[in-house]
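To start, the structure under review is shown below, and the notes come after it.
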Amino acid sequence: MPTPFRPAWLPVLLLPGLLFTGCAKKTAAAGGPATGGQRQPVEVVQVARRDMVESLSLVGSLAPNETAQIRAEISGQVRDVLFDEGQRVTRGQVLLRIDDAELRAQLAQAEARFHLAELNLKRSEDLTQARSMSQAEADRMRSDHASAEAELQLLRVRLAKMEIKAPFDGIAGARTVSPGDYATGSTPITTIDDLTRLKVDFQVPERFTDRIRPGSAFTMRAQTPAGEIRTAGEVYFISSVIDRTTRSSQVKGYLATETSGLKPGMFANIDIVLQVRGGVLAVPEGAILTTPAGPQVVVVQDKDGGKVADFVGVQLGLRETGLVEVAPLKPGALTEQHQIVASGVGALVLYPGVKLEPRPLRPEFRIGN
């Protein structure tokens with residue numbers, strides 16, 4: 001009884017959208033026993049050069065450009081509250097006055113002492129010129145004058161602090177005091193938030209911190225009642241230390257545009273660019289064959305007036321959604337002039353040299369431009 005024929009090759013089986021790999025020893029000379037010399041239909045795409053971007057997805061929180069908690073520097077009874085909650089205030093605007101009657105009385109005393117010290121200093125200078133006063137006595141008069149002047153300036157500064165002013169333009173928050181309350185340095189009166197632009201604060205794992213620098217671009221996404229808001233931003237601060245608990249570093253960035261609907265404290269998704277490689281060869285991820293010899297792609301080659309399969313080894317690089325950067329192991333083996341097999345049409349067998357019938361990739365499987 002004759003020995004049954006066993007082909008000396010292992011096929012590559014392709015299903016629509018999927019690639020299963022194997023090794024091939026059969027050459028194209030015989031046309032392939034699996035196809036009987038017929039052309040096998042496959043879906044192909046053109047190898048393209050494009051910019052590939054490596055990005056990192058993180059989570060963060062929005063924060064105002066500036067925020068300040070307003071407190072009284074000098075304790076006292078609140079006399080007037082001169083702002084409304086939620087009101088837009090300007091830098092230097094008086095927000096609250098503390099009773100200053102006692103300080104004004106002290107200021108009047110200090111002004112009287114300073115006036116007397118000025119008169120005594122003038123007399124001492126006249127007497128010194130007439131040699132009727134010792135130099136020691138004249139020096140004491142000058143010291144008394146300087147002390148009275150310093151006391152007067154101190155009371156004027158303290159009196160000015162009885163009016164609490166906005167440190168910058170912003171929005172006043174809720175207030176915690178009313179006229180008649182006693183305010184101390186530990187009493188938070190209100191907060192002022194500058195919302196002219198927003199910041200975003202997020203944590204970057206330590207293995208990526210050396211790839212992020214001031215000026216690195218990112219995209220912020222946040223959900224609002226009106227829907228998702230997406231805007232660009234730029235990193236301006238990277239912490240110089242790594243947090244021992246989270247093994248990450250604090251990073252802050254400014255949002256590029258003022259967008260209505262965003263508020264400080266909101267949750268935000270951050271997509272930050274780590275690396276951009278321009279003009280690299282890119283193919284769909286589904287076109288990559290994983291073989292014992294390493295990653296490969298099936299290139300459509302012209303031979304004897306037809307199309308045949310050629311297996312080309314590649315090195316993989318950056319990845320985007322559905323795309324991967326490739327570089328041929330042999331220079332010139334894969335260029336933007338080549339077409340590669342991206343999907344099969346039904347179940348089929350591929351090996352080096354098999355005849356192909358290229359067809360355009362179906363629209364639902366296309367990725368990128």
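Ligands are numbered from 1 in the order shown, residues from 1 within each chain, and chains are lettered A, B, ... in the order they appear in the structure tokens.
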Show which residues sit within 12 Å of stretch 114-126 of chain A, as a short mmCIF file (atom, residue, chain, number, x, y, z; two decimals) with N, CA and C atoms, in the first residue's frame. Count only C-alpha atoms, and ignore same-chain residues fewer than 2 positions away.
```cif
data_model
loop_
_atom_site.label_atom_id
_atom_site.label_comp_id
_atom_site.auth_asym_id
_atom_site.auth_seq_id
_atom_site.Cartn_x
_atom_site.Cartn_y
_atom_site.Cartn_z
N LEU A 107 -2.67 105.85 67.46
CA LEU A 107 -2.01 106.60 66.39
C LEU A 107 -1.96 108.09 66.73
N ALA A 108 -3.04 108.61 67.32
CA ALA A 108 -3.05 110.03 67.71
C ALA A 108 -1.97 110.31 68.76
N GLN A 109 -1.81 109.40 69.73
CA GLN A 109 -0.75 109.56 70.72
C GLN A 109 0.63 109.54 70.07
N ALA A 110 0.81 108.62 69.14
CA ALA A 110 2.11 108.50 68.48
C ALA A 110 2.41 109.74 67.65
N GLU A 111 1.40 110.31 66.99
CA GLU A 111 1.61 111.53 66.22
C GLU A 111 2.03 112.69 67.13
N ALA A 112 1.42 112.78 68.35
CA ALA A 112 1.78 113.85 69.29
C ALA A 112 3.23 113.68 69.77
N THR A 128 23.23 122.90 69.82
CA THR A 128 24.52 122.29 69.52
C THR A 128 25.38 123.25 68.71
N GLN A 129 24.75 123.96 67.76
CA GLN A 129 25.50 124.93 66.97
C GLN A 129 26.00 126.08 67.85
N ALA A 130 25.20 126.41 68.89
CA ALA A 130 25.61 127.49 69.80
C ALA A 130 26.52 126.98 70.91
N ARG A 131 26.85 125.69 70.87
CA ARG A 131 27.70 125.04 71.88
C ARG A 131 27.11 125.16 73.27
N SER A 132 25.75 125.08 73.35
CA SER A 132 25.08 125.15 74.65
C SER A 132 24.55 123.79 75.08
N MET A 133 24.77 122.74 74.29
CA MET A 133 24.28 121.39 74.61
C MET A 133 25.40 120.40 74.27
N SER A 134 25.51 119.41 75.13
CA SER A 134 26.54 118.40 74.90
C SER A 134 26.16 117.51 73.72
N GLN A 135 27.17 116.88 73.16
CA GLN A 135 26.91 115.98 72.03
C GLN A 135 26.09 114.78 72.44
N ALA A 136 26.28 114.28 73.66
CA ALA A 136 25.52 113.13 74.16
C ALA A 136 24.03 113.45 74.24
N GLU A 137 23.71 114.65 74.70
CA GLU A 137 22.31 115.05 74.81
C GLU A 137 21.69 115.21 73.42
N ALA A 138 22.46 115.74 72.47
CA ALA A 138 21.96 115.88 71.10
C ALA A 138 21.70 114.52 70.46
N ASP A 139 22.59 113.53 70.74
CA ASP A 139 22.38 112.18 70.20
C ASP A 139 21.12 111.55 70.78
N ARG A 140 20.85 111.79 72.06
CA ARG A 140 19.63 111.25 72.67
C ARG A 140 18.38 111.84 72.02
N MET A 141 18.43 113.13 71.68
CA MET A 141 17.28 113.76 71.02
C MET A 141 17.04 113.14 69.63
N ARG A 142 18.13 112.90 68.92
CA ARG A 142 17.96 112.27 67.60
C ARG A 142 17.40 110.86 67.73
N SER A 143 17.83 110.11 68.76
CA SER A 143 17.31 108.76 68.98
C SER A 143 15.82 108.79 69.34
N ASP A 144 15.43 109.73 70.18
CA ASP A 144 14.01 109.85 70.54
C ASP A 144 13.16 110.17 69.31
N HIS A 145 13.70 111.01 68.43
CA HIS A 145 12.96 111.37 67.21
C HIS A 145 12.78 110.15 66.31
N ALA A 146 13.86 109.37 66.13
CA ALA A 146 13.78 108.19 65.27
C ALA A 146 12.84 107.15 65.86
N SER A 147 12.84 107.00 67.19
CA SER A 147 11.95 106.04 67.84
C SER A 147 10.49 106.45 67.68
N ALA A 148 10.22 107.74 67.84
CA ALA A 148 8.84 108.21 67.68
C ALA A 148 8.36 108.06 66.24
N GLU A 149 9.27 108.27 65.28
CA GLU A 149 8.89 108.10 63.87
C GLU A 149 8.59 106.64 63.56
N ALA A 150 9.41 105.72 64.08
CA ALA A 150 9.20 104.29 63.84
C ALA A 150 7.88 103.82 64.46
N GLU A 151 7.59 104.31 65.68
CA GLU A 151 6.32 103.94 66.33
C GLU A 151 5.13 104.43 65.52
N LEU A 152 5.24 105.65 64.97
CA LEU A 152 4.16 106.20 64.16
C LEU A 152 3.94 105.36 62.90
N GLN A 153 5.03 104.97 62.23
CA GLN A 153 4.90 104.15 61.02
C GLN A 153 4.31 102.77 61.34
#
```
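Using only C-alpha atoms, the residues found no farther than 8 Å from stretch 317-322 of chain A, other than those of its own chain fewer than 3 positions away, are Met52, Val53, Glu54, Pro284, Glu285, Gly286, Glu325, Val326, Ala327 and Ile367 of chain A.
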Output all heavy atoms for every residue in that selection, as a compact mmCIF listing (two decimals), in the first residue's frame.
```
# COMPACT_ATOMS: atom_id res chain seq x y z
N MET A 52 4.06 58.96 14.53
CA MET A 52 3.57 58.10 15.61
C MET A 52 3.82 58.80 16.94
O MET A 52 4.90 59.35 17.19
CB MET A 52 4.27 56.75 15.59
CG MET A 52 4.04 55.94 14.32
SD MET A 52 2.37 55.26 14.24
CE MET A 52 2.45 54.00 15.50
N VAL A 53 2.79 58.79 17.77
CA VAL A 53 2.85 59.47 19.06
C VAL A 53 2.68 58.45 20.17
O VAL A 53 1.72 57.67 20.16
CB VAL A 53 1.76 60.55 19.17
CG1 VAL A 53 1.81 61.23 20.53
CG2 VAL A 53 1.91 61.57 18.05
N GLU A 54 3.62 58.44 21.11
CA GLU A 54 3.48 57.61 22.31
C GLU A 54 2.93 58.49 23.43
O GLU A 54 3.50 59.54 23.75
CB GLU A 54 4.82 57.01 22.72
CG GLU A 54 4.72 56.10 23.93
CD GLU A 54 6.07 55.58 24.39
OE1 GLU A 54 7.09 56.12 23.91
OE2 GLU A 54 6.09 54.65 25.21
N PRO A 284 -1.20 48.23 10.26
CA PRO A 284 -2.17 47.79 11.26
C PRO A 284 -1.60 46.70 12.16
O PRO A 284 -0.82 45.85 11.71
CB PRO A 284 -3.34 47.26 10.41
CG PRO A 284 -3.17 47.90 9.08
CD PRO A 284 -1.70 48.07 8.88
N GLU A 285 -1.98 46.71 13.42
CA GLU A 285 -1.48 45.70 14.35
C GLU A 285 -1.86 44.30 13.89
O GLU A 285 -1.12 43.34 14.11
CB GLU A 285 -2.04 45.97 15.75
CG GLU A 285 -1.37 47.12 16.48
CD GLU A 285 -1.86 47.25 17.90
OE1 GLU A 285 -3.08 47.23 18.10
OE2 GLU A 285 -1.02 47.39 18.80
N GLY A 286 -3.04 44.15 13.26
CA GLY A 286 -3.48 42.84 12.82
C GLY A 286 -2.64 42.25 11.72
O GLY A 286 -2.75 41.06 11.43
N GLU A 325 4.45 50.87 14.69
CA GLU A 325 5.61 51.25 13.89
C GLU A 325 6.45 50.01 13.58
O GLU A 325 6.67 49.16 14.47
CB GLU A 325 6.45 52.26 14.66
CG GLU A 325 7.77 52.63 13.99
CD GLU A 325 8.71 53.38 14.91
OE1 GLU A 325 8.31 53.70 16.05
OE2 GLU A 325 9.84 53.64 14.49
N VAL A 326 6.90 49.88 12.33
CA VAL A 326 7.73 48.74 11.94
C VAL A 326 8.97 49.24 11.21
O VAL A 326 8.95 50.27 10.54
CB VAL A 326 6.95 47.76 11.03
CG1 VAL A 326 5.81 47.11 11.79
CG2 VAL A 326 6.44 48.44 9.77
N ALA A 327 10.03 48.48 11.35
CA ALA A 327 11.27 48.73 10.61
C ALA A 327 11.77 47.39 10.10
O ALA A 327 11.94 46.44 10.88
CB ALA A 327 12.32 49.39 11.50
N ILE A 367 -7.88 51.57 9.55
CA ILE A 367 -7.42 52.36 10.69
C ILE A 367 -6.55 53.48 10.19
O ILE A 367 -5.69 53.28 9.33
CB ILE A 367 -6.61 51.49 11.68
CG1 ILE A 367 -7.46 50.32 12.17
CG2 ILE A 367 -6.11 52.31 12.85
CD1 ILE A 367 -6.68 49.31 12.97
```
(request) Apply DSSP to the backbone of this structure and, from stretch 54-284 of chain A, keep only the residues in strand (DSSP E or B); write these as an MDAnalysis selection string. (result) chainID A and resid 54:71 76:81 88:89 94:98 163:165 170:172 182:183 188:205 217:224 227:238 243 248:255 267:284
Just to be explicit: take each residue in the selection above, keep C-alpha atoms, and write the result as a compact mmCIF listing (two decimals), in the first residue's frame.
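The new file again_8.txt reads:
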```txt
# COMPACT_ATOMS: atom_id res chain seq x y z
CA GLU A 54 3.48 57.61 22.31
CA SER A 55 1.19 58.90 25.04
CA LEU A 56 0.37 58.13 28.67
CA SER A 57 -3.14 58.17 30.14
CA LEU A 58 -3.46 59.50 33.70
CA VAL A 59 -6.06 61.00 36.01
CA GLY A 60 -5.90 64.36 37.74
CA SER A 61 -7.87 67.22 39.23
CA LEU A 62 -8.57 70.75 38.05
CA ALA A 63 -7.39 73.68 40.15
CA PRO A 64 -7.71 77.48 39.88
CA ASN A 65 -4.87 79.59 38.56
CA GLU A 66 -4.51 81.16 42.02
CA THR A 67 -6.41 80.60 45.25
CA ALA A 68 -6.06 82.36 48.61
CA GLN A 69 -7.77 81.87 51.94
CA ILE A 70 -8.43 85.27 53.42
CA ARG A 71 -7.70 85.77 57.14
CA GLY A 76 -10.63 92.35 66.36
CA GLN A 77 -14.37 92.70 66.01
CA VAL A 78 -15.73 92.71 62.46
CA ARG A 79 -17.25 96.10 61.72
CA ASP A 80 -18.21 95.88 58.04
CA VAL A 81 -18.39 93.10 55.42
CA ARG A 88 -16.14 89.08 41.27
CA VAL A 89 -13.57 91.23 43.12
CA VAL A 94 -11.65 96.18 50.54
CA LEU A 95 -13.48 93.03 51.59
CA LEU A 96 -13.85 93.54 55.34
CA ARG A 97 -13.12 96.11 58.03
CA ILE A 98 -12.19 95.34 61.62
CA GLU A 163 -8.94 96.72 56.19
CA ILE A 164 -8.68 93.28 54.58
CA LYS A 165 -8.23 93.55 50.79
CA GLY A 170 -10.98 86.65 41.30
CA ILE A 171 -14.24 85.24 42.59
CA ALA A 172 -15.11 85.51 46.29
CA TYR A 182 -14.61 88.46 66.53
CA ALA A 183 -12.01 87.57 63.90
CA PRO A 188 -10.92 81.85 57.65
CA ILE A 189 -13.03 84.72 56.33
CA THR A 190 -13.45 83.61 52.70
CA THR A 191 -11.46 82.40 49.72
CA ILE A 192 -10.57 84.19 46.49
CA ASP A 193 -10.13 82.07 43.34
CA ASP A 194 -8.60 83.30 40.10
CA LEU A 195 -10.40 81.40 37.32
CA THR A 196 -8.94 83.30 34.35
CA ARG A 197 -7.17 80.05 33.52
CA LEU A 198 -7.23 76.61 35.10
CA LYS A 199 -4.46 74.28 36.16
CA VAL A 200 -4.51 70.51 36.25
CA ASP A 201 -2.66 68.50 38.88
CA PHE A 202 -1.75 64.84 38.31
CA GLN A 203 0.73 62.14 39.31
CA VAL A 204 3.19 60.55 36.86
CA PRO A 205 4.74 57.11 37.63
CA ALA A 217 1.86 68.84 25.61
CA PHE A 218 -1.17 67.00 26.96
CA THR A 219 -4.90 66.68 26.31
CA MET A 220 -7.41 67.06 29.13
CA ARG A 221 -10.84 65.39 29.07
CA ALA A 222 -13.55 66.08 31.65
CA GLN A 223 -17.20 65.14 31.96
CA THR A 224 -19.67 67.97 32.61
CA GLY A 227 -21.12 66.46 27.96
CA GLU A 228 -17.41 65.77 27.58
CA ILE A 229 -15.05 68.71 27.28
CA ARG A 230 -11.67 68.24 25.64
CA THR A 231 -8.92 70.85 25.61
CA ALA A 232 -5.15 71.03 25.24
CA GLY A 233 -2.63 71.99 27.89
CA GLU A 234 1.06 72.33 28.64
CA VAL A 235 3.19 71.16 31.58
CA TYR A 236 4.86 73.92 33.60
CA PHE A 237 5.96 72.14 36.80
CA ILE A 238 7.47 68.73 37.60
CA ASP A 243 6.52 60.20 46.57
CA SER A 248 5.07 58.86 41.43
CA SER A 249 5.91 62.51 40.95
CA GLN A 250 3.57 65.50 41.04
CA VAL A 251 3.11 67.31 37.73
CA LYS A 252 1.12 70.48 37.02
CA GLY A 253 0.04 72.06 33.78
CA TYR A 254 -1.97 74.99 32.46
CA LEU A 255 -4.98 74.52 30.19
CA PHE A 267 -11.98 64.99 37.90
CA ALA A 268 -9.98 65.01 34.65
CA ASN A 269 -8.45 62.43 32.31
CA ILE A 270 -4.99 63.39 31.05
CA ASP A 271 -3.36 62.08 27.87
CA ILE A 272 0.21 63.34 27.85
CA VAL A 273 2.60 63.01 24.93
CA LEU A 274 5.80 61.14 25.81
CA GLN A 275 7.41 60.81 22.40
CA VAL A 276 6.73 61.77 18.78
CA ARG A 277 8.44 59.96 15.91
CA GLY A 278 7.91 61.56 12.53
CA GLY A 279 7.69 59.83 9.17
CA VAL A 280 7.97 56.21 10.33
CA LEU A 281 6.54 53.15 8.58
CA ALA A 282 3.23 52.15 10.16
CA VAL A 283 1.00 49.12 9.58
CA PRO A 284 -2.17 47.79 11.26
```
(request) Identify which of the residues A:Val298, A:Leu82, A:Asp99, A:Ala342 lies closest to A:Asp181, counting only C-alpha atoms when measuring atom-to-atom distances. (result)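 Among A:Val298, A:Leu82, A:Asp99, A:Ala342, it is A:Asp99 that comes nearest to A:Asp181.
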(message) Taking only C-alpha atoms into account, name the residue in A:Leu356, A:Asp304, A:Ile340, A:Ser239 that is nearest to A:Ile212.
(response)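 Under the stated criterion, the closest residue is A:Ser239.
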(message) Calculated over only C-alpha atoms, which of the candidates A:Gly294, A:Pro358, A:Gly185, A:Pro179 has the smallest distance to A:Val308?
(response) A:Pro358
(request) Rounded to one decimal place, report the atom CA of A:Glu73-atom CA of A:Glu102 distance in Å. (result)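 If I compute the distance from atom CA of A:Glu73 to atom CA of A:Glu102, I get 15.9 Å.
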(request) Identify which of the residues A:Gly313, A:Phe83, A:Pro360, A:Arg211 lies closest to A:Val177, counting only C-alpha atoms when measuring atom-to-atom distances. (result) A:Phe83
(request) To one decimal in Å, tell me the separation between atom CA of A:Pro295 and atom CA of A:Val312. (result) 8.6 Å
(request) For each of A:Val45, A:Val324, A:Ala105, A:Val297, take the minimum atom-to-atom distance to A:Leu350, counting only C-alpha atoms, then give the residue where this is smallest. (result) A:Val297
